[in-house]
$ cat upload15.txt   # compact mmCIF, C-alpha atoms
# COMPACT_ATOMS: atom_id res chain seq x y z
CA MET A 498 12.86 -26.59 -1.56
CA ASN A 499 13.41 -23.68 0.81
CA PRO A 500 9.94 -22.75 2.18
CA LEU A 501 10.96 -19.12 2.64
CA LYS A 502 11.43 -18.87 -1.14
CA ASN A 503 8.03 -20.40 -1.86
CA LYS A 504 5.49 -17.63 -2.49
CA MET A 505 2.50 -19.80 -1.59
CA PHE A 506 4.11 -20.70 1.73
CA LEU A 507 4.75 -17.03 2.54
CA ARG A 508 1.15 -16.08 1.67
CA ALA A 509 -0.12 -18.91 3.87
CA LEU A 510 1.72 -17.43 6.86
CA GLY A 511 -0.73 -14.53 6.94
CA ILE A 512 -3.68 -16.93 6.95
CA LEU A 513 -1.99 -19.00 9.67
CA ILE A 514 -1.50 -15.93 11.88
CA PHE A 515 -5.18 -15.06 11.40
CA LEU A 516 -6.32 -18.59 12.34
CA ILE A 517 -4.11 -18.65 15.45
CA ILE A 518 -5.64 -15.34 16.59
CA LEU A 519 -9.17 -16.70 16.01
CA LEU A 520 -8.43 -19.76 18.15
CA LYS A 521 -7.57 -17.50 21.09
CA LEU A 522 -10.71 -15.36 20.74
CA ASP A 523 -14.24 -15.60 22.05
CA ILE A 524 -15.87 -16.12 18.63
CA GLU A 525 -19.36 -15.58 20.04
CA LYS A 526 -18.35 -12.22 21.48
CA THR A 527 -16.78 -11.18 18.17
CA THR A 528 -19.93 -12.22 16.30
CA GLN A 529 -22.07 -10.27 18.74
CA ILE A 530 -20.02 -7.10 18.12
CA LEU A 531 -20.47 -7.51 14.36
CA ARG A 532 -24.22 -8.08 14.75
CA GLN A 533 -24.54 -4.67 16.42
CA LEU A 534 -23.16 -2.96 13.31
CA ASN A 535 -24.80 0.40 12.60
CA ILE A 536 -25.56 0.12 8.88
CA ARG A 537 -25.92 3.89 8.39
CA TYR A 538 -22.42 4.64 9.64
CA PHE A 539 -21.05 1.68 7.70
CA LEU A 540 -22.58 2.84 4.39
CA LEU A 541 -21.50 6.42 5.05
CA ALA A 542 -17.95 5.20 5.62
CA LEU A 543 -17.95 3.27 2.33
CA THR A 544 -18.68 6.47 0.37
CA LEU A 545 -15.37 7.95 1.57
CA PHE A 546 -13.57 5.52 -0.71
CA ILE A 547 -14.54 7.75 -3.66
CA PRO A 548 -12.65 10.91 -2.56
CA HIS A 549 -9.82 8.68 -1.28
CA LEU A 550 -9.50 7.18 -4.75
CA PHE A 551 -9.92 10.56 -6.48
CA PHE A 552 -6.83 11.99 -4.77
CA LYS A 553 -4.84 8.89 -5.68
CA ILE A 554 -5.77 9.34 -9.33
CA TYR A 555 -4.94 13.04 -9.09
CA ARG A 556 -1.53 12.20 -7.60
CA TRP A 557 -0.68 9.86 -10.49
CA HIS A 558 -1.76 12.58 -12.92
CA LYS A 559 0.61 15.02 -11.19
CA VAL A 560 3.47 12.48 -11.48
CA LEU A 561 2.75 12.20 -15.21
CA GLN A 562 2.73 15.99 -15.51
CA TYR A 563 6.13 16.23 -13.80
CA GLN A 564 7.36 13.67 -16.34
CA ARG A 565 5.92 15.82 -19.15
CA ILE A 566 3.64 12.95 -20.21
CA LYS A 567 0.55 14.65 -21.65
CA ILE A 568 -2.53 12.54 -20.89
CA LYS A 569 -5.83 14.12 -19.84
CA PHE A 570 -7.00 13.48 -16.30
CA THR A 571 -10.27 12.00 -17.54
CA LYS A 572 -8.35 9.47 -19.65
CA ILE A 573 -6.51 7.93 -16.71
CA ILE A 574 -9.52 7.48 -14.40
CA HIS A 575 -10.70 4.21 -15.94
CA PRO A 576 -7.31 2.42 -16.11
CA TYR A 577 -6.35 3.64 -12.62
CA ILE A 578 -9.52 2.36 -10.95
CA GLY A 579 -9.33 -0.97 -12.79
CA THR A 580 -5.71 -1.63 -11.85
CA TYR A 581 -6.35 -0.42 -8.30
CA GLY A 582 -8.73 -3.36 -8.01
CA LEU A 583 -5.97 -5.68 -9.19
CA GLY A 584 -3.69 -4.16 -6.57
CA ILE A 585 -6.12 -4.90 -3.75
CA ILE A 586 -6.16 -8.63 -4.51
CA THR A 587 -2.42 -9.03 -5.09
CA PRO A 588 0.48 -9.01 -2.57
CA TRP A 589 2.31 -5.68 -2.32
CA LYS A 590 -0.35 -4.37 -4.75
CA VAL A 591 1.74 -5.52 -7.71
CA GLY A 592 -1.44 -5.62 -9.80
CA GLU A 593 -1.15 -1.85 -10.15
CA LEU A 594 1.89 -2.41 -12.38
CA ALA A 595 -0.59 -3.27 -15.14
CA ARG A 596 -0.82 0.49 -15.73
CA ILE A 597 2.60 0.21 -17.35
CA PHE A 598 0.94 -1.51 -20.32
CA TYR A 599 -1.64 1.29 -20.54
CA LEU A 600 1.15 3.87 -20.81
CA ARG A 601 3.06 1.72 -23.31
CA LYS A 602 -0.01 1.87 -25.56
CA LYS A 603 0.29 5.65 -25.31
CA LYS A 604 3.84 5.43 -26.71
CA VAL A 605 5.46 6.10 -23.33
CA SER A 606 8.86 4.46 -22.88
CA LEU A 607 9.11 1.46 -20.57
CA GLY A 608 11.37 3.30 -18.11
CA ALA A 609 9.08 6.35 -17.92
CA ALA A 610 5.97 4.17 -17.53
CA ALA A 611 7.52 2.05 -14.78
CA PHE A 612 8.83 5.15 -13.00
CA SER A 613 5.36 6.76 -12.86
CA ILE A 614 3.69 3.69 -11.31
CA LEU A 615 6.52 2.94 -8.87
CA THR A 616 6.70 6.58 -7.77
CA ASP A 617 2.94 6.71 -7.26
CA ARG A 618 3.09 3.55 -5.12
CA LEU A 619 6.20 4.57 -3.16
CA PHE A 620 4.53 7.72 -1.85
CA ASP A 621 1.96 5.55 -0.04
CA VAL A 622 4.79 3.54 1.50
CA LEU A 623 6.73 6.70 2.42
CA PHE A 624 3.66 8.27 4.03
CA PHE A 625 2.93 5.21 6.18
CA LEU A 626 6.58 4.91 7.18
CA ILE A 627 6.58 8.53 8.38
CA ILE A 628 3.24 8.40 10.21
CA GLY A 629 3.75 4.83 11.43
CA THR A 630 7.18 5.56 12.86
CA ALA A 631 5.88 8.75 14.49
CA SER A 632 3.04 6.69 15.99
CA MET A 633 5.55 4.23 17.45
CA PHE A 634 7.39 7.13 19.11
CA LEU A 635 4.09 8.25 20.66
CA LEU A 636 3.81 4.75 22.14
CA PHE A 637 7.51 4.56 22.89
CA THR A 638 7.13 2.39 26.02
CA TYR A 639 5.54 -0.38 23.97
CA PHE A 640 7.58 0.01 20.79
CA LYS A 641 11.06 0.88 22.07
CA ASP A 642 12.48 -2.48 20.94
CA TYR A 643 10.84 -2.22 17.52
CA LEU A 644 11.86 1.42 17.08
CA MET A 645 15.52 0.55 17.42
CA ALA A 646 15.20 -2.05 14.66
CA VAL A 647 13.09 0.24 12.44
CA SER A 648 15.50 3.17 12.93
CA ILE A 649 18.51 1.01 12.04
CA ILE A 650 16.75 -0.35 8.94
CA LEU A 651 15.75 3.16 7.80
CA ILE A 652 19.26 4.57 8.34
CA ILE A 653 20.86 1.65 6.52
CA GLY A 654 18.26 1.98 3.75
CA VAL A 655 18.99 5.68 3.25
CA ILE A 656 22.76 5.09 3.23
CA LEU A 657 22.45 2.20 0.77
CA MET A 658 20.16 4.23 -1.49
CA ALA A 659 22.63 7.13 -1.50
CA LEU A 660 25.53 4.78 -2.29
CA ILE A 661 23.57 3.07 -5.06
CA ILE A 662 22.66 6.40 -6.67
CA TYR A 663 26.22 7.70 -6.37
CA ASN A 664 27.72 4.48 -7.78
CA ARG A 665 24.78 3.59 -10.03
CA HIS A 666 26.95 2.67 -13.04
CA LYS A 667 29.07 0.22 -11.04
CA VAL A 668 25.98 -1.21 -9.33
CA PHE A 669 24.28 -1.75 -12.67
CA ARG A 670 27.34 -3.49 -14.12
CA PHE A 671 27.47 -5.78 -11.08
CA ALA A 672 23.75 -6.56 -11.34
CA SER A 673 24.07 -7.18 -15.08
CA ASN A 674 26.87 -9.70 -14.59
CA PHE A 675 25.15 -11.74 -11.89
CA PHE A 676 21.38 -11.24 -12.05
CA ILE A 677 20.27 -10.05 -15.48
CA PRO A 678 20.02 -12.54 -18.39
CA ASN A 679 22.14 -11.65 -21.41
CA LYS A 680 19.16 -11.39 -23.75
CA ILE A 681 17.65 -8.45 -21.80
CA LYS A 682 20.82 -6.74 -20.57
CA GLU A 683 20.74 -4.00 -23.18
CA LYS A 684 17.02 -3.39 -22.75
CA THR A 685 17.43 -3.26 -18.97
CA LYS A 686 20.28 -0.76 -19.31
CA ILE A 687 18.12 1.49 -21.49
CA THR A 688 15.16 1.21 -19.09
CA ALA A 689 17.35 2.01 -16.07
CA LYS A 690 18.70 5.12 -17.82
CA GLU A 691 15.15 6.19 -18.72
CA MET A 692 14.06 5.84 -15.09
CA TRP A 693 17.06 7.87 -13.91
CA ASP A 694 16.24 10.61 -16.42
CA GLU A 695 12.65 10.67 -15.12
CA LEU A 696 13.84 10.94 -11.52
CA LYS A 697 15.84 14.05 -12.38
CA LYS A 698 12.64 15.75 -13.56
CA LEU A 699 11.24 15.78 -10.01
CA LYS A 700 12.22 18.77 -7.87
CA PHE A 701 12.06 19.10 -4.10
CA ILE A 702 8.74 20.94 -4.32
CA SER A 703 7.39 18.02 -6.37
CA TYR A 704 7.97 15.62 -3.47
CA ILE A 705 6.26 18.01 -1.04
CA GLU A 706 3.23 18.35 -3.32
CA LEU A 707 2.92 14.62 -3.94
CA LEU A 708 3.26 13.85 -0.24
CA SER A 709 0.57 16.45 0.53
CA ILE A 710 -1.82 14.87 -1.98
CA THR A 711 -1.08 11.49 -0.40
CA ALA A 712 -1.96 12.93 3.03
CA LEU A 713 -5.27 14.27 1.70
CA SER A 714 -6.10 10.88 0.27
CA MET A 715 -5.26 9.13 3.53
CA VAL A 716 -7.38 11.50 5.64
CA PHE A 717 -10.47 10.06 3.94
CA PHE A 718 -9.24 6.52 4.59
CA TYR A 719 -8.61 7.29 8.25
CA PHE A 720 -12.11 8.75 8.56
CA GLU A 721 -13.52 5.66 6.86
CA VAL A 722 -11.97 3.38 9.50
CA TYR A 723 -13.00 5.83 12.24
CA LEU A 724 -16.63 5.59 11.09
CA PHE A 725 -16.30 1.80 11.08
CA SER A 726 -15.28 1.93 14.74
CA ILE A 727 -18.32 4.10 15.50
CA ALA A 728 -20.53 1.70 13.56
CA LEU A 729 -19.26 -1.13 15.80
CA ASN A 730 -19.60 1.00 18.96
CA ILE A 731 -15.85 0.77 19.65
CA SER A 732 -14.43 3.64 21.70
CA LEU A 733 -11.53 4.79 19.54
CA SER A 734 -10.43 8.38 19.03
CA PHE A 735 -9.53 9.60 15.56
CA TRP A 736 -5.84 9.78 16.60
CA GLN A 737 -5.92 6.20 17.78
CA VAL A 738 -7.34 5.19 14.38
CA ILE A 739 -4.44 6.98 12.66
CA ILE A 740 -1.99 5.04 14.84
CA LEU A 741 -3.80 1.75 14.16
CA VAL A 742 -3.96 2.12 10.40
CA SER A 743 -0.43 3.52 9.98
CA ILE A 744 1.37 0.88 12.04
CA ALA A 745 -0.75 -1.90 10.52
CA SER A 746 0.14 -0.61 7.05
CA ILE A 747 3.85 -0.94 7.86
CA ALA A 748 3.22 -4.52 9.01
CA ASN A 749 1.36 -5.16 5.74
CA LEU A 750 4.59 -4.50 3.84
CA LEU A 751 5.76 -7.95 4.92
CA PRO A 752 5.43 -10.41 1.99
CA ILE A 753 3.23 -12.79 4.02
CA THR A 754 -0.19 -11.30 3.46
CA VAL A 755 -2.86 -10.34 0.94
CA SER A 756 -5.19 -7.45 1.87
CA GLY A 757 -3.59 -7.36 5.32
CA ILE A 758 -4.96 -10.75 6.43
CA GLY A 759 -3.06 -11.83 9.53
CA THR A 760 -0.67 -8.90 9.85
CA ARG A 761 -3.43 -6.30 10.28
CA ASP A 762 -5.28 -8.56 12.75
CA ALA A 763 -2.16 -9.15 14.87
CA THR A 764 -1.31 -5.42 14.87
CA PHE A 765 -4.87 -4.46 15.84
CA VAL A 766 -4.98 -6.99 18.69
CA PHE A 767 -1.67 -5.67 20.05
CA LEU A 768 -2.65 -2.00 19.80
CA PHE A 769 -6.15 -2.58 21.17
CA SER A 770 -4.56 -4.09 24.27
CA ILE A 771 -2.53 -0.87 24.68
CA PHE A 772 -5.73 1.18 24.29
CA GLY A 773 -7.47 -0.96 26.93
CA LEU A 774 -9.86 -2.58 24.44
CA ALA A 775 -10.74 -6.22 23.86
CA SER A 776 -9.14 -8.44 21.22
CA GLU A 777 -12.63 -9.36 19.98
CA GLN A 778 -13.24 -5.69 19.18
CA ALA A 779 -9.92 -5.55 17.32
CA ILE A 780 -10.80 -8.54 15.15
CA ALA A 781 -14.34 -7.26 14.54
CA LEU A 782 -12.92 -3.96 13.20
CA SER A 783 -10.25 -5.77 11.19
CA LEU A 784 -12.86 -8.05 9.62
CA LEU A 785 -14.99 -5.03 8.71
CA ILE A 786 -11.96 -3.44 7.01
CA LEU A 787 -11.34 -6.69 5.12
CA PHE A 788 -14.98 -6.67 4.00
CA MET A 789 -14.53 -3.04 2.92
CA TRP A 790 -11.53 -4.01 0.78
CA ALA A 791 -13.58 -6.79 -0.81
CA ILE A 792 -16.31 -4.28 -1.73
CA ASN A 793 -13.73 -1.80 -3.02
CA ALA A 794 -12.06 -4.53 -5.09
CA LEU A 795 -15.40 -5.55 -6.60
CA PHE A 796 -16.20 -1.93 -7.45
CA CYS A 797 -12.81 -1.38 -9.09
CA MET A 798 -12.81 -4.70 -10.93
CA VAL A 799 -16.02 -3.66 -12.72
CA PHE A 800 -13.88 -1.03 -14.46
CA TRP A 801 -11.29 -3.69 -15.28
CA TRP A 802 -13.85 -6.16 -16.66
CA GLU A 803 -15.49 -3.40 -18.70
CA LYS A 804 -12.23 -2.34 -20.35
CA PRO A 805 -9.19 -4.43 -19.39
CA ILE A 806 -5.71 -3.30 -20.31
CA GLU A 807 -4.21 -5.55 -22.96
CA PHE A 808 -0.90 -7.13 -21.99
CA SER A 809 1.85 -7.58 -24.53
CA ASN A 810 5.53 -8.41 -24.75
CA SER A 811 6.29 -4.70 -24.78

$ encode --input "upload15.txt" --output "structure tokens"
Amino acid sequence: MNPLKNKMFLRALGILIFLIILLKLDIEKTTQILRQLNIRYFLLALTLFIPHLFFKIYRWHKVLQYQRIKIKFTKIIHPYIGTYGLGIITPWKVGELARIFYLRKKKVSLGAAAFSILTDRLFDVLFFLIIGTASMFLLFTYFKDYLMAVSIILIIGVILMALIIYNRHKVFRFASNFFIPNKIKEKTKITAKEMWDELKKLKFISYIELLSITALSMVFFYFEVYLFSIALNISLSFWQVIILVSIASIANLLPITVSGIGTRDATFVFLFSIFGLASEQAIALSLLILFMWAINALFCMVFWWEKPIEFSNS
């Protein structure tokens, strides 16, 4: 068995990275930093999750409006929060795909439902790629080797995406012949066409608006982490927090982590060294963020447990 194809092995890599970092730290010093936590700032920071989540829900509602899917804003709050909790505890936040089943119950086609969730998720990725890459340019001396690789990947990605869209019919036929089982070929073809039709409904101004809403949502998240740093008495500016979170979020795209365990810690340690701060402070802040995600997940999962979305073959 190829270990790189084993999902459990890949997930364990994040834990392994985290353990290796811990072995190189002064655990007592890290514990001491955490003991000095200012509870008031910590609790204040936690409240910022609410507006952060509100703008995410609002963004999904705007995507649905662009698709001409008429569902009231108040009706999507419960399923969004519940599936957001599932996303926190699953790699790449795939748990959020459960919202597809909610839309299917509303008689929305599979392609349209999948498009809305994927589009909503992709704007987070796009935002972090933009801000994270810009942050690397600000720290060019330290990231010049990585920037070359990232730039090449982005250019190749854009070219491939353009080629796939231009030759979508040939690409689909190729994928159907080699990767898609015969019994779902027709259904997959219909779903792909539905998703393409949904994509055409979005105009340039739609992307600008959705990206702006994403930025508003992320401002609250950045402030949340900034308040965490204050609570731990760590001397970080707000701009340094933006750099930390954005670059760490790019690292979290690697399929070797859940909730950023390992990848976020390694990124924080590296960036803290650039900022002239101790690795113990980096891990203390990273652990506090992990604890925050655990609290957020518990809060969101209450909505899921209260009214879970029923899965079906549809």

$ atom_distance --input "upload15.txt" --atom1 "atom CA of Val622 of chain A" --atom2 "atom CA of Gly773 of chain A"
28.6 Å

$ closest_residue --input "upload15.txt" --among "A:Thr685, A:Leu545, A:Tyr599, A:Met633" --to "Ile771 of chain A" --atoms "only C-alpha atoms"
A:Met633

$ closest_atom_pairs --input "upload15.txt" --of "segment 587-644 of chain A" --to "segment 725-745 of chain A" --cutoff "8 Å" --atoms "all atoms listed in the file" --output "Markdown table"
| residue | atom | partner | partner_atom | distance |
| --- | --- | --- | --- | --- |
| A:Phe625 | CA | A:Ser743 | CA | 5.3 |
| A:Leu626 | CA | A:Ser743 | CA | 7.7 |
| A:Ile628 | CA | A:Ser743 | CA | 6.1 |
| A:Gly629 | CA | A:Ser743 | CA | 4.6 |
| A:Thr630 | CA | A:Ile744 | CA | 7.5 |
| A:Ser632 | CA | A:Ile740 | CA | 5.4 |
| A:Met633 | CA | A:Ile744 | CA | 7.6 |

$ atom_distance --input "upload15.txt" --atom1 "atom CA of Asp762 of chain A" --atom2 "atom CA of Ala791 of chain A"
16.0 Å

$ closest_residue --input "upload15.txt" --among "A:Leu782, A:Met789, A:Leu550, A:Val560" --to "Val716 of chain A" --atoms "only C-alpha atoms"
A:Leu550

$ atom_distance --input "upload15.txt" --atom1 "atom CA of Ile656 of chain A" --atom2 "atom CA of Ser703 of chain A"
22.3 Å

$ closest_residue --input "upload15.txt" --among "A:Asp617, A:Thr711, A:Phe808, A:Phe765" --to "Tyr563 of chain A" --atoms "all atoms listed in the file"
A:Asp617

$ residues_around --input "upload15.txt" --residues "Phe718 of chain A" --least-positions-apart "3" --cutoff "10 Å" --atoms "all atoms listed in the file" --output "ChimeraX atom specification"
/A:542-543,545-550,712-715,721-724,739,742

$ write_last_selection --input "upload15.txt" --atoms "C-alpha atoms" --output "PDB file, keeping the file's coordinate frame"
ATOM      1  CA  ALA A 542     -17.950   5.200   5.620  1.00  0.00           C
ATOM      2  CA  LEU A 543     -17.950   3.270   2.330  1.00  0.00           C
ATOM      3  CA  LEU A 545     -15.370   7.950   1.570  1.00  0.00           C
ATOM      4  CA  PHE A 546     -13.570   5.520  -0.710  1.00  0.00           C
ATOM      5  CA  ILE A 547     -14.540   7.750  -3.660  1.00  0.00           C
ATOM      6  CA  PRO A 548     -12.650  10.910  -2.560  1.00  0.00           C
ATOM      7  CA  HIS A 549      -9.820   8.680  -1.280  1.00  0.00           C
ATOM      8  CA  LEU A 550      -9.500   7.180  -4.750  1.00  0.00           C
ATOM      9  CA  ALA A 712      -1.960  12.930   3.030  1.00  0.00           C
ATOM     10  CA  LEU A 713      -5.270  14.270   1.700  1.00  0.00           C
ATOM     11  CA  SER A 714      -6.100  10.880   0.270  1.00  0.00           C
ATOM     12  CA  MET A 715      -5.260   9.130   3.530  1.00  0.00           C
ATOM     13  CA  GLU A 721     -13.520   5.660   6.860  1.00  0.00           C
ATOM     14  CA  VAL A 722     -11.970   3.380   9.500  1.00  0.00           C
ATOM     15  CA  TYR A 723     -13.000   5.830  12.240  1.00  0.00           C
ATOM     16  CA  LEU A 724     -16.630   5.590  11.090  1.00  0.00           C
ATOM     17  CA  ILE A 739      -4.440   6.980  12.660  1.00  0.00           C
ATOM     18  CA  VAL A 742      -3.960   2.120  10.400  1.00  0.00           C
TER      19      VAL A 742
END

$ closest_residue --input "upload15.txt" --among "A:Leu623, A:Asn535, A:Phe788, A:Gly608" --to "Leu750 of chain A" --atoms "all atoms listed in the file"
A:Leu623

$ residues_around --input "upload15.txt" --residues "Glu803 of chain A" --least-positions-apart "4" --cutoff "12 Å" --atoms "all atoms listed in the file" --output "ChimeraX atom specification"
/A:575-576,578-579,796-799

$ closest_atom_pairs --input "upload15.txt" --of "segment 745-789 of chain A" --to "segment 523-526 of chain A" --cutoff "10 Å" --atoms "all atoms listed in the file" --output "JSON lines"
{"residue": "A:Ala775", "atom": "CA", "partner": "A:Lys526", "partner_atom": "CA", "distance": 10.0}
{"residue": "A:Ser776", "atom": "CA", "partner": "A:Asp523", "partner_atom": "CA", "distance": 8.8}
{"residue": "A:Glu777", "atom": "CA", "partner": "A:Lys526", "partner_atom": "CA", "distance": 6.6}
{"residue": "A:Gln778", "atom": "CA", "partner": "A:Lys526", "partner_atom": "CA", "distance": 8.6}
{"residue": "A:Ile780", "atom": "CA", "partner": "A:Ile524", "partner_atom": "CA", "distance": 9.8}
{"residue": "A:Ala781", "atom": "CA", "partner": "A:Lys526", "partner_atom": "CA", "distance": 9.4}

$ write_last_selection --input "upload15.txt" --atoms "C-alpha atoms" --output "short mmCIF file (atom, residue, chain, number, x, y, z; two decimals), keeping the file's coordinate frame"
data_model
loop_
_atom_site.label_atom_id
_atom_site.label_comp_id
_atom_site.auth_asym_id
_atom_site.auth_seq_id
_atom_site.Cartn_x
_atom_site.Cartn_y
_atom_site.Cartn_z
CA ALA A 775 -10.74 -6.22 23.86
CA SER A 776 -9.14 -8.44 21.22
CA GLU A 777 -12.63 -9.36 19.98
CA GLN A 778 -13.24 -5.69 19.18
CA ILE A 780 -10.80 -8.54 15.15
CA ALA A 781 -14.34 -7.26 14.54
#

$ axis_aligned_box --input "upload15.txt" --around "segment 606-612 of chain A" --padding-each-side "4 Å" --output "JSON"
{"center_x": 8.7, "center_y": 3.9, "center_z": -17.9, "size_x": 13.4, "size_y": 12.9, "size_z": 17.9}

$ residues_around --input "upload15.txt" --residues "Leu615 of chain A" --least-positions-apart "2" --cutoff "12 Å" --atoms "all atoms listed in the file" --output "ChimeraX atom specification"
/A:557,560-561,589-597,608-613,617-623,692,695-696

$ closest_residue --input "upload15.txt" --among "A:Arg537, A:Lys602, A:Lys686, A:Lys698" --to "Glu807 of chain A" --atoms "only C-alpha atoms"
A:Lys602

$ closest_residue --input "upload15.txt" --among "A:Lys804, A:Phe570, A:Ala794, A:Phe539" --to "Gly582 of chain A" --atoms "only C-alpha atoms"
A:Ala794
